[in-house]
Structures are given as structure tokens and as C-alpha cells.
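What follows is the content of work16.tsv (TSV, C-alpha atoms and all ligand atoms).
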chain	number	residue	atom	x	y	z
A	1	MET	CA	0.00	0.00	0.00
A	2	LEU	CA	0.98	3.61	-0.29
A	3	ILE	CA	-0.84	6.82	0.54
A	4	ARG	CA	-1.10	10.15	-1.23
A	5	LEU	CA	-2.03	13.17	0.88
A	6	THR	CA	-3.09	16.40	-0.75
A	7	LEU	CA	-2.64	19.38	1.56
A	8	SER	CA	-4.94	22.39	1.27
A	9	SER	CA	-2.03	24.38	-0.23
A	10	GLY	CA	-2.01	21.85	-3.07
A	11	HIS	CA	1.28	20.28	-2.01
A	12	GLU	CA	1.28	16.52	-1.89
A	13	ILE	CA	3.00	14.00	0.36
A	14	LEU	CA	3.38	10.32	-0.45
A	15	GLY	CA	3.61	7.82	2.40
A	16	LEU	CA	5.64	4.76	1.43
A	17	PRO	CA	5.81	2.00	4.06
A	18	THR	CA	8.66	-0.50	3.97
A	19	GLU	CA	8.93	-3.75	5.85
A	20	ASN	CA	10.48	-3.62	9.31
A	21	THR	CA	9.60	-6.66	11.31
A	22	TYR	CA	11.48	-7.61	14.42
A	23	GLY	CA	8.49	-9.39	15.95
A	24	GLY	CA	7.93	-9.76	19.66
A	25	GLY	CA	6.56	-7.24	22.09
A	26	TRP	CA	8.77	-4.37	20.88
A	27	ASP	CA	7.59	-4.53	17.27
A	28	LEU	CA	7.37	-1.06	15.71
A	29	GLY	CA	5.65	-2.06	12.50
A	30	PRO	CA	6.74	-0.91	9.02
A	31	THR	CA	8.87	2.20	8.55
A	32	TRP	CA	6.88	5.00	6.94
A	33	ASN	CA	9.05	6.91	4.46
A	34	TYR	CA	7.67	10.05	2.85
A	35	VAL	CA	8.12	11.87	-0.45
A	36	VAL	CA	7.28	15.56	-0.13
A	37	LEU	CA	6.25	16.86	-3.54
A	38	ASP	CA	7.63	20.35	-3.09
A	39	GLU	CA	8.82	22.47	-6.05
A	40	LYS	CA	11.64	19.95	-6.03
A	41	PRO	CA	10.50	16.63	-4.51
A	42	PHE	CA	12.45	15.15	-1.63
A	43	LEU	CA	12.41	11.87	0.26
A	44	VAL	CA	12.50	11.53	4.04
A	45	ASP	CA	13.80	8.13	5.23
A	46	THR	CA	14.72	5.10	3.18
A	47	GLY	CA	13.69	2.03	5.19
A	48	LYS	CA	15.91	-0.83	6.24
A	49	PHE	CA	18.96	-2.04	4.31
A	50	GLY	CA	17.60	-3.67	1.16
A	51	SER	CA	14.42	-1.56	0.88
A	52	ALA	CA	15.51	0.44	-2.18
A	53	ASP	CA	13.68	-1.72	-4.75
A	54	ALA	CA	10.43	-1.54	-2.79
A	55	LEU	CA	10.71	2.23	-2.35
A	56	LEU	CA	11.52	2.94	-5.98
A	57	GLU	CA	8.69	0.65	-7.14
A	58	MET	CA	6.20	2.50	-4.96
A	59	MET	CA	7.43	5.82	-6.34
A	60	THR	CA	7.04	4.58	-9.91
A	61	PHE	CA	3.53	3.38	-9.08
A	62	ALA	CA	2.76	6.91	-7.80
A	63	GLY	CA	4.13	8.45	-11.00
A	64	ILE	CA	7.46	9.69	-9.60
A	65	SER	CA	10.83	8.65	-10.88
A	66	GLY	CA	13.69	8.29	-8.43
A	67	ARG	CA	15.52	10.71	-10.74
A	68	ASP	CA	12.95	13.41	-9.81
A	69	ILE	CA	14.08	13.34	-6.17
A	70	ASP	CA	16.22	16.39	-5.45
A	71	PHE	CA	17.54	15.15	-2.11
A	72	VAL	CA	17.07	12.50	0.52
A	73	MET	CA	17.25	13.13	4.22
A	74	VAL	CA	16.86	10.78	7.14
A	75	SER	CA	14.82	11.52	10.24
A	76	HIS	CA	17.62	9.91	12.28
A	77	GLY	CA	20.45	7.42	12.01
A	78	HIS	CA	18.69	4.19	12.95
A	79	GLU	CA	18.94	1.36	10.47
A	80	ASP	CA	15.19	1.12	9.91
A	81	HIS	CA	15.36	4.71	8.53
A	82	ASP	CA	18.76	5.08	6.88
A	83	GLY	CA	19.36	1.42	5.95
A	84	SER	CA	18.90	2.06	2.23
A	85	LEU	CA	20.14	5.64	2.14
A	86	SER	CA	23.35	4.90	0.27
A	87	GLU	CA	21.64	2.67	-2.29
A	88	ILE	CA	18.85	5.20	-2.91
A	89	ALA	CA	21.36	8.05	-3.23
A	90	GLU	CA	23.42	6.01	-5.69
A	91	ARG	CA	20.49	4.87	-7.82
A	92	THR	CA	18.64	8.20	-7.97
A	93	GLY	CA	21.58	10.61	-8.02
A	94	ALA	CA	19.82	12.58	-5.26
A	95	LYS	CA	21.82	14.68	-2.82
A	96	VAL	CA	21.86	13.63	0.85
A	97	LYS	CA	21.04	16.12	3.60
A	98	CYS	CA	21.35	15.16	7.27
A	99	HIS	CA	22.11	16.69	10.61
A	100	ASP	CA	25.76	17.43	11.32
A	101	ILE	CA	25.76	14.82	14.14
A	102	TYR	CA	24.64	12.14	11.67
A	103	ASP	CA	27.45	13.10	9.30
A	104	ARG	CA	30.01	12.63	12.07
A	105	LEU	CA	28.65	9.48	13.71
A	106	ILE	CA	28.39	7.35	10.56
A	107	ARG	CA	32.18	7.47	10.09
A	108	PHE	CA	34.84	5.08	11.39
A	109	TYR	CA	37.44	6.30	13.89
A	110	PRO	CA	39.71	3.30	14.52
A	111	GLU	CA	41.99	5.27	16.83
A	112	ARG	CA	39.09	6.33	19.08
A	113	ALA	CA	36.93	3.19	18.92
A	114	PRO	CA	36.42	1.05	22.03
A	115	ASP	CA	38.99	-1.67	22.44
A	116	ASP	CA	36.56	-4.58	22.24
A	117	ALA	CA	34.30	-6.36	19.77
A	118	ARG	CA	32.96	-2.98	18.64
A	119	LYS	CA	36.38	-1.76	17.46
A	120	SER	CA	35.38	-2.04	13.81
A	121	PHE	CA	32.03	-0.28	14.23
A	122	PRO	CA	31.23	3.33	13.26
A	123	ALA	CA	30.87	5.82	16.13
A	124	SER	CA	27.04	5.64	16.05
A	125	CYS	CA	27.22	1.95	17.02
A	126	TRP	CA	29.88	1.96	19.74
A	127	ARG	CA	27.20	1.90	22.44
A	128	CYS	CA	24.57	-0.14	20.60
A	129	PHE	CA	22.85	-2.28	23.21
A	130	MET	CA	22.43	-5.23	20.88
A	131	PRO	CA	25.20	-7.84	21.23
A	132	PRO	CA	28.22	-7.17	18.94
A	133	SER	CA	27.61	-10.55	17.25
A	134	PHE	CA	24.15	-9.35	16.15
A	135	SER	CA	25.58	-6.13	14.70
A	136	THR	CA	28.46	-7.92	12.96
A	137	GLU	CA	25.99	-10.26	11.30
A	138	HIS	CA	23.31	-7.72	10.35
A	139	CYS	CA	24.95	-4.31	10.07
A	140	THR	CA	28.47	-4.58	8.61
A	141	GLU	CA	27.54	-4.02	4.97
A	142	TYR	CA	25.11	-1.22	5.82
A	143	GLN	CA	27.65	0.52	8.06
A	144	LYS	CA	30.33	0.43	5.34
A	145	ALA	CA	28.05	1.72	2.59
A	146	ARG	CA	26.76	4.49	4.83
A	147	SER	CA	30.23	5.62	5.88
A	148	ARG	CA	31.06	6.54	2.28
A	149	LEU	CA	28.14	8.99	1.91
A	150	LYS	CA	28.79	12.60	1.04
A	151	ILE	CA	26.41	14.69	3.10
A	152	GLU	CA	25.22	18.28	3.02
A	153	THR	CA	24.74	19.03	6.69
A	154	ILE	CA	21.66	20.78	8.06
A	155	GLY	CA	21.75	23.28	10.91
A	156	ASP	CA	19.91	22.93	14.18
A	157	ASP	CA	16.72	24.93	14.13
A	158	GLY	CA	14.41	26.46	11.63
A	159	SER	CA	16.66	25.76	8.65
A	160	ASN	CA	14.94	25.86	5.32
A	161	LEU	CA	15.10	22.45	3.79
A	162	SER	CA	13.31	23.33	0.57
A	163	GLU	CA	10.90	25.99	-0.80
A	164	ASN	CA	8.21	24.99	1.64
A	165	ALA	CA	9.81	22.84	4.36
A	166	VAL	CA	11.61	23.77	7.56
A	167	VAL	CA	13.60	21.39	9.70
A	168	TYR	CA	14.23	21.25	13.48
A	169	HIS	CA	16.79	19.25	15.45
A	170	VAL	CA	14.93	17.14	18.02
A	171	PRO	CA	17.59	14.96	19.69
A	172	GLY	CA	16.88	12.37	22.38
A	173	HIS	CA	15.55	9.25	20.70
A	174	SER	CA	18.74	9.58	18.71
A	175	PRO	CA	21.23	12.50	18.86
A	176	ASP	CA	20.67	13.35	15.18
A	177	SER	CA	16.84	13.26	15.10
A	178	MET	CA	15.08	15.80	12.90
A	179	ALA	CA	11.47	16.89	12.41
A	180	VAL	CA	10.32	18.41	9.12
A	181	PHE	CA	7.47	20.91	8.96
A	182	VAL	CA	5.86	21.12	5.54
A	183	GLY	CA	4.38	24.61	5.34
A	184	SER	CA	2.04	25.04	8.29
A	185	GLU	CA	0.11	21.95	7.33
A	186	ALA	CA	2.07	18.81	8.10
A	187	VAL	CA	4.97	17.62	10.20
A	188	LEU	CA	7.14	14.56	9.66
A	189	VAL	CA	8.18	13.58	13.16
A	190	GLY	CA	10.34	10.48	12.56
A	191	ASP	CA	10.46	8.32	15.69
A	192	THR	CA	10.23	11.31	18.05
A	193	VAL	CA	6.43	11.18	18.28
A	194	LEU	CA	4.70	7.88	17.59
A	195	PRO	CA	1.09	6.81	18.07
A	196	ASP	CA	0.35	3.66	20.12
A	197	ILE	CA	3.89	3.26	21.41
A	198	THR	CA	6.43	5.43	23.22
A	199	PRO	CA	9.75	5.97	21.44
A	200	TRP	CA	12.63	4.77	23.59
A	201	PRO	CA	15.11	7.42	24.67
A	202	SER	CA	18.86	7.03	24.18
A	203	GLN	CA	21.21	7.13	27.18
A	204	GLU	CA	23.25	10.11	28.29
A	205	ALA	CA	26.01	7.55	28.89
A	206	PHE	CA	26.40	7.20	25.11
A	207	PHE	CA	27.89	10.70	24.96
A	208	ASP	CA	31.25	10.05	26.65
A	209	GLN	CA	32.76	8.02	23.84
A	210	VAL	CA	31.66	10.33	21.03
A	211	GLN	CA	32.06	13.75	22.61
A	212	GLY	CA	35.40	14.31	20.87
A	213	ILE	CA	33.79	13.59	17.50
A	214	LEU	CA	30.80	15.91	17.87
A	215	SER	CA	30.87	19.67	17.43
A	216	PRO	CA	32.01	21.40	20.64
A	217	ARG	CA	28.65	23.19	20.72
A	218	TYR	CA	27.19	19.98	22.17
A	219	ALA	CA	29.05	20.33	25.42
A	220	THR	CA	26.99	18.12	27.71
A	221	ALA	CA	25.52	14.64	27.40
A	222	ALA	CA	22.00	15.92	28.07
A	223	SER	CA	22.21	18.37	25.15
A	224	VAL	CA	21.76	15.57	22.62
A	225	TYR	CA	21.39	12.22	24.40
A	226	GLY	CA	19.00	10.73	26.92
A	227	LEU	CA	15.58	11.34	28.35
A	228	ARG	CA	16.18	14.98	29.27
A	229	ALA	CA	17.20	15.81	25.69
A	230	TYR	CA	14.16	13.90	24.44
A	231	ILE	CA	11.72	15.75	26.67
A	232	ARG	CA	13.27	19.08	25.70
A	233	SER	CA	12.76	18.14	22.06
A	234	LEU	CA	9.11	17.32	22.74
A	235	ALA	CA	8.78	20.76	24.34
A	236	LYS	CA	10.39	22.29	21.24
A	237	LEU	CA	7.99	20.48	18.90
A	238	LYS	CA	5.11	21.63	21.06
A	239	GLU	CA	6.28	25.23	20.89
A	240	VAL	CA	6.69	25.16	17.11
A	241	GLY	CA	3.45	23.17	16.73
A	242	LYS	CA	1.47	25.75	18.71
A	243	ARG	CA	2.44	28.43	16.21
A	244	GLN	CA	1.17	26.31	13.31
A	245	GLY	CA	-2.42	25.46	14.18
A	246	ASP	CA	-3.86	22.19	12.86
A	247	LEU	CA	-1.08	19.95	11.65
A	248	ILE	CA	-1.22	16.55	10.02
A	249	VAL	CA	1.31	14.49	11.96
A	250	LEU	CA	3.15	11.85	9.95
A	251	PRO	CA	5.09	9.42	12.15
A	252	ALA	CA	7.78	7.01	10.94
A	253	HIS	CA	5.97	3.98	12.42
A	254	ARG	CA	2.37	2.94	13.05
A	255	LEU	CA	0.64	5.47	10.81
A	256	PHE	CA	-1.37	2.40	9.85
A	257	TYR	CA	-1.11	-0.63	12.14
A	258	ASN	CA	-3.24	-3.65	12.98
A	259	GLY	CA	-5.87	-2.66	10.47
A	260	ARG	CA	-6.37	0.92	11.58
A	261	TRP	CA	-5.14	4.44	10.88
A	262	ASN	CA	-3.65	6.30	13.81
A	263	GLU	CA	-4.42	9.98	13.73
A	264	ILE	CA	-2.20	12.10	15.97
A	265	ASP	CA	-2.96	15.43	17.54
A	266	LEU	CA	0.56	16.78	18.04
A	267	LEU	CA	0.06	18.72	21.26
A	268	THR	CA	-2.11	16.05	22.90
A	269	ARG	CA	0.28	13.25	21.98
A	270	ILE	CA	3.29	15.19	23.31
A	271	ASP	CA	1.50	15.70	26.63
A	272	GLU	CA	0.72	11.97	26.73
A	273	LEU	CA	4.36	11.08	26.05
A	274	ILE	CA	5.61	13.40	28.78
A	275	ALA	CA	3.00	12.03	31.22
A	276	HIS	CA	4.14	8.51	30.32
A	277	HIS	CA	7.74	9.33	31.31
A	278	VAL	CA	6.59	10.94	34.55
A	279	GLN	CA	4.70	7.74	35.39
A	280	ARG	CA	7.61	5.52	34.40
A	281	CYS	CA	10.03	7.54	36.55
A	282	GLU	CA	7.63	7.22	39.46
A	283	ALA	CA	7.24	3.45	39.02
A	284	ILE	CA	11.01	2.95	38.76
A	285	LEU	CA	11.65	5.15	41.78
A	286	LYS	CA	9.12	3.13	43.81
A	287	ILE	CA	10.94	-0.08	42.90
A	288	VAL	CA	14.29	1.40	43.92
A	289	MET	CA	12.84	2.74	47.16
A	290	LYS	CA	12.39	-0.88	48.30
A	291	GLY	CA	16.14	-1.41	47.98
A	292	ALA	CA	19.05	-0.64	45.63
A	293	LYS	CA	18.84	-2.52	42.34
A	294	THR	CA	20.64	-2.85	39.02
A	295	ALA	CA	18.95	-1.72	35.80
A	296	LYS	CA	18.40	-5.37	34.91
A	297	GLU	CA	16.74	-6.11	38.24
A	298	ILE	CA	14.50	-3.06	37.87
A	299	ALA	CA	13.62	-4.04	34.30
A	300	MET	CA	12.68	-7.56	35.38
A	301	GLU	CA	10.40	-6.24	38.07
A	302	TYR	CA	8.86	-3.46	36.00
A	303	PHE	CA	8.22	-5.02	32.58
A	304	ASP	CA	5.89	-7.92	31.79
A	305	ALA	CA	7.62	-11.22	31.02
A	306	PRO	CA	6.80	-11.31	27.25
A	307	LEU	CA	8.65	-7.99	26.79
A	308	LEU	CA	11.78	-9.46	28.36
A	309	LYS	CA	12.14	-12.38	25.98
A	310	GLY	CA	15.21	-12.56	23.72
A	311	PHE	CA	16.66	-9.12	23.07
A	312	GLY	CA	13.70	-7.63	24.93
A	313	ILE	CA	15.65	-7.57	28.19
A	314	LEU	CA	18.29	-5.34	26.53
A	315	MET	CA	15.63	-2.88	25.32
A	316	ALA	CA	14.07	-2.94	28.80
A	317	GLU	CA	17.41	-2.27	30.50
A	318	ASN	CA	18.10	0.65	28.16
A	319	GLU	CA	14.71	2.11	29.03
A	320	VAL	CA	15.39	1.79	32.76
A	321	ILE	CA	18.88	3.34	32.51
A	322	SER	CA	17.50	6.37	30.58
A	323	HIS	CA	14.97	6.97	33.34
A	324	CYS	CA	17.52	6.41	36.12
A	325	GLU	CA	19.79	9.00	34.47
A	326	LEU	CA	17.00	11.56	34.70
A	327	LEU	CA	16.24	10.51	38.29
A	328	SER	CA	19.95	10.88	39.14
A	329	ALA	CA	20.14	14.30	37.52
A	330	CYS	CA	17.33	15.58	39.74
A	331	GLY	CA	18.73	13.97	42.88
A	332	ASP	CA	16.09	11.27	43.41
A	333	VAL	CA	18.48	8.39	42.75
A	334	VAL	CA	22.22	7.81	43.20
A	335	SER	CA	24.43	5.22	41.55
A	336	GLU	CA	26.04	2.82	43.98
A	337	GLY	CA	28.77	0.26	43.46
A	338	ASP	CA	27.85	-2.96	41.59
A	339	GLU	CA	25.94	-0.82	39.04
A	340	LYS	CA	23.04	-0.44	41.46
A	341	PHE	CA	20.69	2.52	41.71
A	342	ALA	CA	19.53	3.63	45.16
A	343	ALA	CA	16.74	6.04	46.16
A	344	THR	CA	17.64	9.20	48.08
A	345	GLY	CA	14.16	9.77	49.48
A	346	THR	CA	13.36	12.83	47.34
A	347	MET	CA	10.77	12.97	44.52
A	348	ASN	CA	11.90	15.88	42.39
A	349	PHE	CA	11.45	14.20	39.01
A	350	GLU	CA	7.98	15.44	38.12
A	351	SER	CA	8.72	19.13	38.54
A	352	ALA	CA	12.13	18.59	36.94
A	353	ILE	CA	10.49	17.05	33.85
A	354	HIS	CA	7.93	19.82	33.56
A	355	SER	CA	10.60	22.49	33.88
A	356	LEU	CA	12.65	21.16	30.93
A	357	GLU	CA	12.52	23.82	28.26
A	358	PRO	CA	13.13	23.65	24.51
B	401	ZN	ZN	14.63	5.13	15.81
B	402	ZN	ZN	12.31	3.53	13.79
As C-alpha cells, what does this structure read like?
Ligand SMILES: [Zn+2]
Ligand SMILES: [Zn+2]
Amino acid sequence: MLIRLTLSSGHEILGLPTENTYGGGWDLGPTWNYVVLDEKPFLVDTGKFGSADALLEMMTFAGISGRDIDFVMVSHGHEDHDGSLSEIAERTGAKVKCHDIYDRLIRFYPERAPDDARKSFPASCWRCFMPPSFSTEHCTEYQKARSRLKIETIGDDGSNLSENAVVYHVPGHSPDSMAVFVGSEAVLVGDTVLPDITPWPSQEAFFDQVQGILSPRYATAASVYGLRAYIRSLAKLKEVGKRQGDLIVLPAHRLFYNGRWNEIDLLTRIDELIAHHVQRCEAILKIVMKGAKTAKEIAMEYFDAPLLKGFGILMAENEVISHCELLSACGDVVSEGDEKFAATGTMNFESAIHSLEP
């Protein structure tokens, strides 16, 4: 299937879903890639590695040739979004525009890389929470192809992407996440705002190893990584969204899922996502208040068993660590030896979350 949206300004957006099945309780559903038919058409996201044929076929079906695409950009550097970027760029001749952080993290830095199984990975993958064996098997070819890309970098906020589109840096889910506003009618939010499910935040801990690679303007971990960065980005989207009125929100997953369309009201959904993280911080803090625990122990107590199967435990642990980082930053939790988190007796997190500004 594909969808064609006609905005009241007459501009059109094509929604092109590509397969992205991991299965299990953390399934995101297909990746929704979009072609914005601006004066010069552009493509946002390219699906997983190996999705180029499917994407180009859908474009042909919609009457667009890959050669018509002026540039491709990715909402963020996760493989379900940039997997086919290099192949699409090669086959269409389109330029590639991404955030400066993306441009830096896709490269290899052998002299800076961790001295373990991840030594041969690009910087973006040094702290991947999947086991190195998984990445070596599934990501090597993709990582190599991606590292050769020539990229026109995009600035942080309010940069004009095309005649009619403006882009904002919304780090947190990933440090290079972008949201694209098409006129004042639609917004492509990537994985930053999803219906049905809550995007997982990255960890502030990921920052240490890549700080020397990023621009010095990102001076602290929380400026681009972790739950605090993510909530600030939601606040930014809310602020920009409020100035725009009614927006059609186009997410990168679950636009259509389980036989139904998910309509998103941007401001309402952002409030729901923030409330979700307040609740999750509270639940985690209550678990830790009963006694110091590791992220894994907290995850096993907090999440239902089906979510912990296979790689699920790794996703669950990541989620817990992101929340514990926020709880530590506001003084509610301290890290103890043996990688345990302990409660301090305070409950500052809720006001701390609500005071995070764009
Ligand atoms: Zn993602
Ligand atoms: Zn995704």
C-alpha cells in the first residue's frame, strides 16, 4: 500500500511504508518513508537495508521517478530509517542532507573506537545495546556503505530544507533526530512522536565516547542524548506546533497498524508522552525505594515477562537506565557500586520534567 495526501495548499505527500519486522513485544511495524512533492520533490527516510527496490517501485507506481528526487534526508540514524540511504542516493543521483551529528557518527574512527568487539564499528554503534555478534551479522555491509556517503549538513533549528519545508533538530531518541514541517500543514516527526507506542530514549552515557567527535557546541551529554534531551525536544515540537495550528502528523511507524489508521494530535500526543515518562520515573523510583537494584533487576520487576524475551531484556534495560539517568540528575536516585541505583528519598522528578525547556 501507499498513501497520497493532498494538503490544502495543493502540495502533496506520499507515504511509502517499507517492511520492518522484528516481531515480539517491541515490534514497531513498518517504517513510513515520505516523499514531499515540493517544487523539487524530496524523500525523508529510506527504510531498512535492502528496501531500495520496494521504495523505488512504490514511487514509480505513484508516478514519480527516483531521478525526480532532489535530495534524501533521514529523520535519524537508525537502520530502519537510513538502511537504504546509500543505495537510494546512488540509484537516484539525489543529494543527501542530514544533521551534522549524523554526518560525524556514521564514520569510522579506529583510533578512538572502544577496544573490544565494537572496534570495527562506526561511532554511532559503539554503544549499541544489541550484542556485537548481532551487529556484525546484520549491520556490517550497511555501516560500510553508509560511511562513504557525502552529506550536506543541516543546521539545528528552523533551517529551510526546501521551498516549503523547515527542519528542526529534536535529539533524544537519537542525537541526530530531525522533524520536518511542511508549510504550516504537516509535520514529519520520525520516531520522536509515535502513536500507540512510546519511542525509547537514548542514554546520556552514550555521549562520553563520542564527545570528541561531535561539534564542541554539544558540550553536555544531556544536550543531545538521553531522556532529558528527548523531553526538551518534545517541548520544542510543542512550541513550534502551537504556532502552526492544525497539523497533520506523519510518524515514521504505526501510521497504519493492525488494520487501523492512527491519527495524531501533536500537542495532545506530546502531553501523553511526557506524562508517560513521569509515570515511568515514578514506578522505577518506587521499585528502587524498596532497595538498591541494578537496571536489569528493575527491568525484570517493572516489565511484563513477554517484553523481556530474547533481546527484549536489553531494550528494557536501556529504558530503565535512561529513566535512572534523569532521576539521578534531579537527585532522586544515586548510583552505587555494583551498578546499582539507590533512592535518596526525594521525589523531584515530576517538577524537573515539567521544567525542561526547549
Ligand atoms: Zn529510531
Ligand atoms: Zn524507527
Do you know which residues are within 12 Å of ligand ZN 402 (chain B) using only C-alpha atoms and all ligand atoms? Can you write them as an mmCIF file with C-alpha atoms, in the frame of the given file?
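Written file, out_36.cif:
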data_model
loop_
_atom_site.group_PDB
_atom_site.id
_atom_site.type_symbol
_atom_site.label_atom_id
_atom_site.label_comp_id
_atom_site.auth_asym_id
_atom_site.auth_seq_id
_atom_site.Cartn_x
_atom_site.Cartn_y
_atom_site.Cartn_z
ATOM 1 C CA PRO A 17 5.810 2.000 4.060
ATOM 2 C CA THR A 18 8.660 -0.500 3.970
ATOM 3 C CA GLU A 19 8.930 -3.750 5.850
ATOM 4 C CA ASN A 20 10.480 -3.620 9.310
ATOM 5 C CA THR A 21 9.600 -6.660 11.310
ATOM 6 C CA TYR A 22 11.480 -7.610 14.420
ATOM 7 C CA TRP A 26 8.770 -4.370 20.880
ATOM 8 C CA ASP A 27 7.590 -4.530 17.270
ATOM 9 C CA LEU A 28 7.370 -1.060 15.710
ATOM 10 C CA GLY A 29 5.650 -2.060 12.500
ATOM 11 C CA PRO A 30 6.740 -0.910 9.020
ATOM 12 C CA THR A 31 8.870 2.200 8.550
ATOM 13 C CA TRP A 32 6.880 5.000 6.940
ATOM 14 C CA ASN A 33 9.050 6.910 4.460
ATOM 15 C CA ASP A 45 13.800 8.130 5.230
ATOM 16 C CA THR A 46 14.720 5.100 3.180
ATOM 17 C CA GLY A 47 13.690 2.030 5.190
ATOM 18 C CA LYS A 48 15.910 -0.830 6.240
ATOM 19 C CA VAL A 74 16.860 10.780 7.140
ATOM 20 C CA SER A 75 14.820 11.520 10.240
ATOM 21 C CA HIS A 76 17.620 9.910 12.280
ATOM 22 C CA GLY A 77 20.450 7.420 12.010
ATOM 23 C CA HIS A 78 18.690 4.190 12.950
ATOM 24 C CA GLU A 79 18.940 1.360 10.470
ATOM 25 C CA ASP A 80 15.190 1.120 9.910
ATOM 26 C CA HIS A 81 15.360 4.710 8.530
ATOM 27 C CA ASP A 82 18.760 5.080 6.880
ATOM 28 C CA GLY A 83 19.360 1.420 5.950
ATOM 29 C CA HIS A 173 15.550 9.250 20.700
ATOM 30 C CA SER A 174 18.740 9.580 18.710
ATOM 31 C CA SER A 177 16.840 13.260 15.100
ATOM 32 C CA VAL A 189 8.180 13.580 13.160
ATOM 33 C CA GLY A 190 10.340 10.480 12.560
ATOM 34 C CA ASP A 191 10.460 8.320 15.690
ATOM 35 C CA THR A 192 10.230 11.310 18.050
ATOM 36 C CA VAL A 193 6.430 11.180 18.280
ATOM 37 C CA LEU A 194 4.700 7.880 17.590
ATOM 38 C CA ILE A 197 3.890 3.260 21.410
ATOM 39 C CA THR A 198 6.430 5.430 23.220
ATOM 40 C CA PRO A 199 9.750 5.970 21.440
ATOM 41 C CA TRP A 200 12.630 4.770 23.590
ATOM 42 C CA PRO A 201 15.110 7.420 24.670
ATOM 43 C CA PRO A 251 5.090 9.420 12.150
ATOM 44 C CA ALA A 252 7.780 7.010 10.940
ATOM 45 C CA HIS A 253 5.970 3.980 12.420
ATOM 46 C CA ARG A 254 2.370 2.940 13.050
#
Problem set entry | Separation of CA of Ser162 (chain A) from CA of Asp38 (chain A), in Å and rounded to one decimal | 7.4 Å
For this session: Choose the residue, out of A:His11, A:Lys293, A:Arg118, A:Lys238, that has the smallest atom-to-atom separation from Val333 (chain A); count all atoms listed in the file.
Result: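 For Val333 (chain A), the nearest of the candidates is A:Lys293.
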For this session: To one decimal in Å, tell me the separation between CA of Ala329 (chain A) and CA of Ala283 (chain A).
Result: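 CA of Ala283 (chain A) lies 16.9 Å from CA of Ala329 (chain A).
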Exercise. Do you have the atom ZN of ligand ZN 401 (chain B)-CA of Ser202 (chain A) distance handy?
Worked result: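 Spanning atom ZN of ligand ZN 401 (chain B) to CA of Ser202 (chain A) is a straight-line distance of 9.6 Å.
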For Glu185 (chain A), please output as a PDB file with C-alpha atoms, keeping the file's coordinate frame all residues within 12 Å (counting all atoms listed in the file; exclusion window: fewer than 2 positions along the same chain).
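File part_16.pdb, as written:
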ATOM      1  CA  LEU A   5      -2.030  13.170   0.880  1.00  0.00           C
ATOM      2  CA  THR A   6      -3.090  16.400  -0.750  1.00  0.00           C
ATOM      3  CA  LEU A   7      -2.640  19.380   1.560  1.00  0.00           C
ATOM      4  CA  SER A   8      -4.940  22.390   1.270  1.00  0.00           C
ATOM      5  CA  SER A   9      -2.030  24.380  -0.230  1.00  0.00           C
ATOM      6  CA  GLY A  10      -2.010  21.850  -3.070  1.00  0.00           C
ATOM      7  CA  HIS A  11       1.280  20.280  -2.010  1.00  0.00           C
ATOM      8  CA  GLU A  12       1.280  16.520  -1.890  1.00  0.00           C
ATOM      9  CA  ILE A  13       3.000  14.000   0.360  1.00  0.00           C
ATOM     10  CA  ASN A 164       8.210  24.990   1.640  1.00  0.00           C
ATOM     11  CA  ALA A 165       9.810  22.840   4.360  1.00  0.00           C
ATOM     12  CA  VAL A 166      11.610  23.770   7.560  1.00  0.00           C
ATOM     13  CA  VAL A 180      10.320  18.410   9.120  1.00  0.00           C
ATOM     14  CA  PHE A 181       7.470  20.910   8.960  1.00  0.00           C
ATOM     15  CA  VAL A 182       5.860  21.120   5.540  1.00  0.00           C
ATOM     16  CA  GLY A 183       4.380  24.610   5.340  1.00  0.00           C
ATOM     17  CA  VAL A 187       4.970  17.620  10.200  1.00  0.00           C
ATOM     18  CA  LEU A 188       7.140  14.560   9.660  1.00  0.00           C
ATOM     19  CA  GLY A 241       3.450  23.170  16.730  1.00  0.00           C
ATOM     20  CA  ARG A 243       2.440  28.430  16.210  1.00  0.00           C
ATOM     21  CA  GLN A 244       1.170  26.310  13.310  1.00  0.00           C
ATOM     22  CA  GLY A 245      -2.420  25.460  14.180  1.00  0.00           C
ATOM     23  CA  ASP A 246      -3.860  22.190  12.860  1.00  0.00           C
ATOM     24  CA  LEU A 247      -1.080  19.950  11.650  1.00  0.00           C
ATOM     25  CA  ILE A 248      -1.220  16.550  10.020  1.00  0.00           C
ATOM     26  CA  VAL A 249       1.310  14.490  11.960  1.00  0.00           C
ATOM     27  CA  LEU A 250       3.150  11.850   9.950  1.00  0.00           C
ATOM     28  CA  LEU A 266       0.560  16.780  18.040  1.00  0.00           C
TER      29      LEU A 266
END
For this session: Check the smallest atom-to-atom distance from each of A:Leu314, A:His323, A:Ile287, A:Thr153 to Glu301 (chain A) using all atoms listed in the file, then report the winner.
Result: A:Ile287
Per residue of region 197-220 of chain A within 10 Å of region 85-102 of chain A, which atom pair is closest and at what distance in Å (one decimal), using all atoms listed in the file, listed by chain and increasing number, as JSON lines?
{"residue": "A:Ile213", "atom": "CA", "partner": "A:Ile101", "partner_atom": "CA", "distance": 8.8}
{"residue": "A:Leu214", "atom": "CA", "partner": "A:Ile101", "partner_atom": "CA", "distance": 6.4}
{"residue": "A:Ser215", "atom": "CA", "partner": "A:Ile101", "partner_atom": "CA", "distance": 7.8}
{"residue": "A:Tyr218", "atom": "CA", "partner": "A:Ile101", "partner_atom": "CA", "distance": 9.7}
Expected file contents, prior selection, C-alpha atoms, as a PDB file, in the coordinates of the input:
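Result file part-v9.pdb:
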ATOM      1  CA  ILE A 213      33.790  13.590  17.500  1.00  0.00           C
ATOM      2  CA  LEU A 214      30.800  15.910  17.870  1.00  0.00           C
ATOM      3  CA  SER A 215      30.870  19.670  17.430  1.00  0.00           C
ATOM      4  CA  TYR A 218      27.190  19.980  22.170  1.00  0.00           C
TER       5      TYR A 218
END
